[in-house]
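Undergrad: Just query32.pdb, nothing more (PDB, C-alpha atoms):
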```
MODEL        1
ATOM      1  CA  MET H 225       0.000   0.000   0.000
ATOM      2  CA  GLY H 226       2.916   2.325   0.484
ATOM      3  CA  THR H 227       1.909   5.869   1.325
ATOM      4  CA  SER H 228      -1.654   5.746   0.021
ATOM      5  CA  ARG H 229      -4.414   6.783   2.421
ATOM      6  CA  MET H 230      -6.132   4.012   4.370
ATOM      7  CA  PRO H 231      -9.928   4.148   4.321
ATOM      8  CA  VAL H 232     -11.757   5.292   7.417
ATOM      9  CA  ASP H 233     -14.242   2.453   6.866
ATOM     10  CA  THR H 234     -12.422  -0.765   7.728
ATOM     11  CA  PRO H 235     -13.364  -4.425   8.282
ATOM     12  CA  ALA H 236     -13.340  -3.517  11.989
ATOM     13  CA  GLY H 237     -16.020  -0.897  11.334
ATOM     14  CA  ARG H 238     -16.018   2.827  10.745
ATOM     15  CA  LEU H 239     -13.278   4.594  12.649
ATOM     16  CA  PRO H 240     -14.314   7.994  14.069
ATOM     17  CA  LEU H 241     -12.681  11.202  12.864
ATOM     18  CA  VAL H 242     -11.881  14.246  14.995
ATOM     19  CA  ALA H 243     -14.556  16.022  12.927
ATOM     20  CA  ASP H 244     -17.157  13.533  14.230
ATOM     21  CA  PHE H 245     -16.728  15.006  17.731
ATOM     22  CA  LEU H 246     -16.980  18.709  16.812
ATOM     23  CA  ALA H 247     -20.695  18.864  17.589
ATOM     24  CA  ASP H 248     -19.987  17.561  21.121
ATOM     25  CA  ALA H 249     -17.568  20.459  21.704
ATOM     26  CA  GLY H 250     -20.577  22.790  21.832
ATOM     27  CA  ARG H 251     -21.506  21.235  25.170
ATOM     28  CA  GLU H 252     -20.317  22.368  28.569
ATOM     29  CA  PRO H 253     -16.981  20.778  29.611
ATOM     30  CA  VAL H 254     -18.639  18.677  32.337
ATOM     31  CA  ALA H 255     -21.219  17.321  29.875
ATOM     32  CA  PHE H 256     -18.472  16.474  27.351
ATOM     33  CA  ALA H 257     -16.461  14.653  30.051
ATOM     34  CA  LYS H 258     -19.540  12.691  31.091
ATOM     35  CA  LEU H 259     -20.215  11.714  27.463
ATOM     36  CA  HIS H 260     -16.526  10.959  26.735
ATOM     37  CA  PRO H 261     -14.832  10.026  30.042
ATOM     38  CA  THR H 262     -11.849   8.170  28.542
ATOM     39  CA  PRO H 263      -8.717   9.537  26.901
ATOM     40  CA  PHE H 264      -8.345   9.502  23.110
ATOM     41  CA  LEU H 265      -5.631   8.586  20.656
ATOM     42  CA  ILE H 266      -5.661  11.191  17.899
ATOM     43  CA  VAL H 267      -4.162   9.414  14.892
ATOM     44  CA  THR H 268      -2.985  11.152  11.736
ATOM     45  CA  ILE H 269      -4.265   9.171   8.762
ATOM     46  CA  PRO H 270      -1.344   8.445   6.431
ATOM     47  CA  GLY H 271      -1.980  10.374   3.190
ATOM     48  CA  SER H 272      -4.691  12.445   4.894
ATOM     49  CA  ASP H 273      -4.286  15.152   2.279
ATOM     50  CA  GLU H 274      -6.478  12.847   0.164
ATOM     51  CA  VAL H 275      -9.324  12.807   2.704
ATOM     52  CA  VAL H 276     -12.767  13.704   1.388
ATOM     53  CA  THR H 277     -13.158  17.470   1.371
ATOM     54  CA  GLN H 278     -16.715  17.584   2.750
ATOM     55  CA  VAL H 279     -17.910  16.399   6.134
ATOM     56  CA  PRO H 280     -21.467  16.550   7.535
ATOM     57  CA  LEU H 281     -21.566  18.299  10.886
ATOM     58  CA  ALA H 282     -24.617  19.068  12.988
ATOM     59  CA  GLY H 283     -26.997  19.303  10.051
ATOM     60  CA  ARG H 284     -24.691  21.219   7.727
ATOM     61  CA  THR H 285     -21.803  20.335   5.454
ATOM     62  CA  MET H 286     -18.414  21.925   5.985
ATOM     63  CA  ARG H 287     -16.294  22.309   2.863
ATOM     64  CA  ARG H 288     -12.602  22.822   2.372
ATOM     65  CA  THR H 289     -11.766  26.501   2.301
ATOM     66  CA  SER H 290      -8.528  28.328   1.837
ATOM     67  CA  GLY H 291      -6.410  29.762   4.638
ATOM     68  CA  ALA H 292      -6.183  28.796   8.290
ATOM     69  CA  LYS H 293      -9.883  27.978   8.625
ATOM     70  CA  GLY H 294      -9.704  25.435   5.792
ATOM     71  CA  ALA H 295      -6.521  23.934   7.182
ATOM     72  CA  LEU H 296      -8.170  23.385  10.583
ATOM     73  CA  LEU H 297     -11.184  21.685   9.018
ATOM     74  CA  ASP H 298      -8.955  19.529   6.831
ATOM     75  CA  GLN H 299      -6.930  18.583   9.916
ATOM     76  CA  ALA H 300     -10.116  17.548  11.752
ATOM     77  CA  LYS H 301     -11.082  15.343   8.788
ATOM     78  CA  GLY H 302      -7.610  13.843   8.365
ATOM     79  CA  ARG H 303      -7.243  12.495  11.903
ATOM     80  CA  LEU H 304      -8.920   9.646  13.720
ATOM     81  CA  ALA H 305     -10.200  10.141  17.271
ATOM     82  CA  LEU H 306     -10.110   6.746  18.970
ATOM     83  CA  PRO H 307     -11.449   6.453  22.526
ATOM     84  CA  VAL H 308      -8.990   4.564  24.752
ATOM     85  CA  ARG H 309     -11.181   1.886  26.311
ATOM     86  CA  LYS H 310     -11.537  -1.874  26.528
ATOM     87  CA  HIS H 311     -13.694  -3.594  23.907
ATOM     88  CA  SER H 312     -12.196  -7.076  23.784
ATOM     89  CA  SER H 313     -10.043  -9.398  25.852
ATOM     90  CA  PRO H 314     -12.069  -9.454  29.054
ATOM     91  CA  GLY H 315      -9.808  -9.846  32.045
ATOM     92  CA  ALA H 316      -6.775  -8.261  30.381
ATOM     93  CA  ASP H 317      -5.495  -5.285  32.343
ATOM     94  CA  ALA H 318      -4.520  -3.231  29.287
ATOM     95  CA  VAL H 319      -6.092  -1.644  26.230
ATOM     96  CA  LEU H 320      -4.720  -3.599  23.256
ATOM     97  CA  VAL H 321      -3.496  -1.561  20.249
ATOM     98  CA  GLY H 322      -2.777  -3.064  16.840
ATOM     99  CA  ARG H 323      -3.850  -3.857  13.302
ATOM    100  CA  SER H 324      -6.007  -6.898  14.177
ATOM    101  CA  ARG H 325      -9.747  -6.475  14.665
ATOM    102  CA  GLU H 326      -9.427  -8.306  17.989
ATOM    103  CA  ASN H 327      -7.674  -5.303  19.540
ATOM    104  CA  ASP H 328      -9.432  -2.615  21.552
ATOM    105  CA  LEU H 329      -7.877   0.126  19.397
ATOM    106  CA  VAL H 330      -7.604  -0.910  15.756
ATOM    107  CA  LEU H 331      -4.986   0.902  13.657
ATOM    108  CA  PRO H 332      -5.477  -0.616  10.182
ATOM    109  CA  PHE H 333      -2.140   0.477   8.725
ATOM    110  CA  GLU H 334       0.675  -1.629   7.265
ATOM    111  CA  SER H 335       3.408  -0.519   9.657
ATOM    112  CA  VAL H 336       1.328  -1.434  12.723
ATOM    113  CA  SER H 337       1.729  -5.006  14.015
ATOM    114  CA  ARG H 338      -1.275  -7.237  14.641
ATOM    115  CA  LEU H 339      -0.729  -6.651  18.373
ATOM    116  CA  HIS H 340       1.510  -3.610  18.560
ATOM    117  CA  ALA H 341       1.267  -2.051  22.031
ATOM    118  CA  PHE H 342      -0.595  -1.841  25.324
ATOM    119  CA  LEU H 343      -2.069   1.246  26.990
ATOM    120  CA  ARG H 344      -2.453   0.941  30.761
ATOM    121  CA  SER H 345      -4.132   3.098  33.377
ATOM    122  CA  SER H 346      -3.028   3.119  36.999
ATOM    123  CA  ARG H 347      -5.397   3.469  39.937
ATOM    124  CA  ASP H 348      -4.702   7.207  40.041
ATOM    125  CA  ASN H 349      -5.663   7.494  36.331
ATOM    126  CA  LYS H 350      -2.081   7.916  35.077
ATOM    127  CA  TRP H 351      -1.528   6.308  31.682
ATOM    128  CA  SER H 352       1.419   4.473  30.166
ATOM    129  CA  VAL H 353       2.221   2.796  26.840
ATOM    130  CA  GLU H 354       4.199  -0.402  26.370
ATOM    131  CA  ASP H 355       5.488  -1.937  23.130
ATOM    132  CA  ALA H 356       4.245  -5.524  22.681
ATOM    133  CA  GLY H 357       7.320  -6.668  20.726
ATOM    134  CA  SER H 358       6.077  -5.049  17.513
ATOM    135  CA  THR H 359       7.963  -5.328  14.218
ATOM    136  CA  ASN H 360       8.334  -1.582  13.600
ATOM    137  CA  GLY H 361       8.504  -0.368  17.184
ATOM    138  CA  THR H 362       6.761   2.225  19.327
ATOM    139  CA  LEU H 363       8.120   5.686  20.088
ATOM    140  CA  VAL H 364       6.955   8.051  22.830
ATOM    141  CA  ARG H 365       8.153  11.661  22.609
ATOM    142  CA  GLY H 366      10.663  10.464  19.967
ATOM    143  CA  ARG H 367      12.216   7.757  22.173
ATOM    144  CA  GLN H 368      12.093   4.101  21.097
ATOM    145  CA  LEU H 369      10.434   1.866  23.688
ATOM    146  CA  LYS H 370      11.889  -1.481  24.653
ATOM    147  CA  PRO H 371       9.272  -4.256  24.515
ATOM    148  CA  GLY H 372       7.694  -4.887  27.898
ATOM    149  CA  VAL H 373       8.789  -1.561  29.419
ATOM    150  CA  GLN H 374       6.025   0.909  30.321
ATOM    151  CA  GLU H 375       6.499   4.592  29.465
ATOM    152  CA  PRO H 376       4.228   7.178  31.129
ATOM    153  CA  VAL H 377       2.150   9.373  28.807
ATOM    154  CA  GLU H 378       0.379  12.622  29.606
ATOM    155  CA  ASP H 379      -1.964  14.865  27.644
ATOM    156  CA  SER H 380      -0.491  15.795  24.238
ATOM    157  CA  ALA H 381       2.250  13.125  24.366
ATOM    158  CA  PRO H 382       3.265  12.139  20.801
ATOM    159  CA  ILE H 383       3.301   8.389  20.136
ATOM    160  CA  LYS H 384       4.335   6.536  16.962
ATOM    161  CA  PHE H 385       3.110   3.009  16.275
ATOM    162  CA  GLY H 386       5.401   1.931  13.437
ATOM    163  CA  TRP H 387       5.151   4.910  11.084
ATOM    164  CA  VAL H 388       1.685   5.944  12.274
ATOM    165  CA  GLU H 389       1.717   9.191  14.262
ATOM    166  CA  ALA H 390      -0.670   9.667  17.164
ATOM    167  CA  VAL H 391      -1.159  11.987  20.119
ATOM    168  CA  PHE H 392      -2.489  10.876  23.498
ATOM    169  CA  ARG H 393      -5.225  13.269  24.657
ATOM    170  CA  THR H 394      -7.115  13.280  27.927
ATOM    171  CA  SER H 395     -10.835  13.910  27.627
ATOM    172  CA  GLU H 396     -10.230  17.478  28.845
ATOM    173  CA  GLY H 397      -7.373  18.022  26.410
ATOM    174  CA  PHE H 398      -9.402  16.706  23.476
ATOM    175  CA  PHE H 399     -12.333  18.948  24.459
ATOM    176  CA  SER H 400     -10.013  21.989  24.467
ATOM    177  CA  GLU H 401      -8.665  21.048  21.035
ATOM    178  CA  LEU H 402     -12.184  20.665  19.633
ATOM    179  CA  ARG H 403     -13.246  24.008  21.140
ATOM    180  CA  ALA H 404     -10.226  25.679  19.517
ATOM    181  CA  ILE H 405     -11.162  24.220  16.120
ATOM    182  CA  LEU H 406     -14.759  25.407  16.515
ATOM    183  CA  THR H 407     -13.643  28.890  17.598
ATOM    184  CA  MET H 408     -11.242  29.241  14.669
ATOM    185  CA  THR H 409     -13.723  27.976  12.056
ATOM    186  CA  GLN H 410     -16.727  30.095  13.005
TER     187      GLN H 410
ENDMDL
END
```
Take the structure I supplied and represent it as structure tokens, if you would.
TA:
Amino acid sequence: MGTSRMPVDTPAGRLPLVADFLADAGREPVAFAKLHPTPFLIVTIPGSDEVVTQVPLAGRTMRRTSGAKGALLDQAKGRLALPVRKHSSPGADAVLVGRSRENDLVLPFESVSRLHAFLRSSRDNKWSVEDAGSTNGTLVRGRQLKPGVQEPVEDSAPIKFGWVEAVFRTSEGFFSELRAILTMTQ
């Protein structure tokens, strides 16, 4: 597949875009946190410059425009927003990240291993990432992780799964990002 854009609709189902959450950013922060209590992985879609240029949002369609406003909307449509939560593997203490549909967070890209990494939350709601012995490795803040070693992550921490770039966002951090996009595009 090389550098071509992966579809947002995958065998694992439709993966949500940042743009899909813009309507929720109109809520009060407490209401947003209640609706979306978990952190998010914000994943840049490889080749996202090829993403569809229209996106339905709260009853209207936003179109690509020139300048900063258009760039923000394009950015919202070219990134996945994946809630960090358990879907599979009952009993496992970690959120499983990888290319396989059996994972909790599915990243359907070539450079991501079937089971690539684990995301773990401590009792005090601190998060960490751990490489699962992936083929192409996991980087946090530009540092290569050794398999089996947990690395703490905080809001806005950059993570790479193979060549796929992501950012760890708390619910509060993601809400602030969405609010900024809404403010800049109105």
Undergrad: Looking at H:Thr268, H:Gln368, H:Thr409, H:Ser345, which one is nearest to Thr394 in chain H, with distances taken over only C-alpha atoms?
TA: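 The closest residue to Thr394 in chain H is H:Ser345.
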Undergrad: Is it possible to get the residues within 6 Å of (-6.3, 11.3, 13.8) (coordinates as in the file, counting all atoms listed in the file) written as a PyMOL selection string?
TA: chain H and resi 266-269+303-305
Undergrad: List the spatial neighbours of Ser335 in chain H as a list of chain:residue names - criterion: any atom at most 7 Å away, only C-alpha atoms, same-chain residues fewer than 2 positions off excluded.
TA: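 Near Ser335 in chain H, the qualifying residues are H:Phe333, H:Ser337, H:Asn360, H:Gly386, H:Trp387.
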Undergrad: Determine the residue membership of the PyMOL selection byres ((chain H and resi 347-351) around 8) for the file above and supply it as JSON, numbers by chain.
TA: {"H": [343, 344, 345, 346, 352, 353, 376, 377, 378]}
Undergrad: Using all atoms listed in the file for the distances, tell me which of H:Arg403, H:Asn327, H:Leu339, H:Val242 is nearest to Gly302 in chain H.
TA: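 Using all atoms listed in the file, Gly302 in chain H sits closest to H:Val242.
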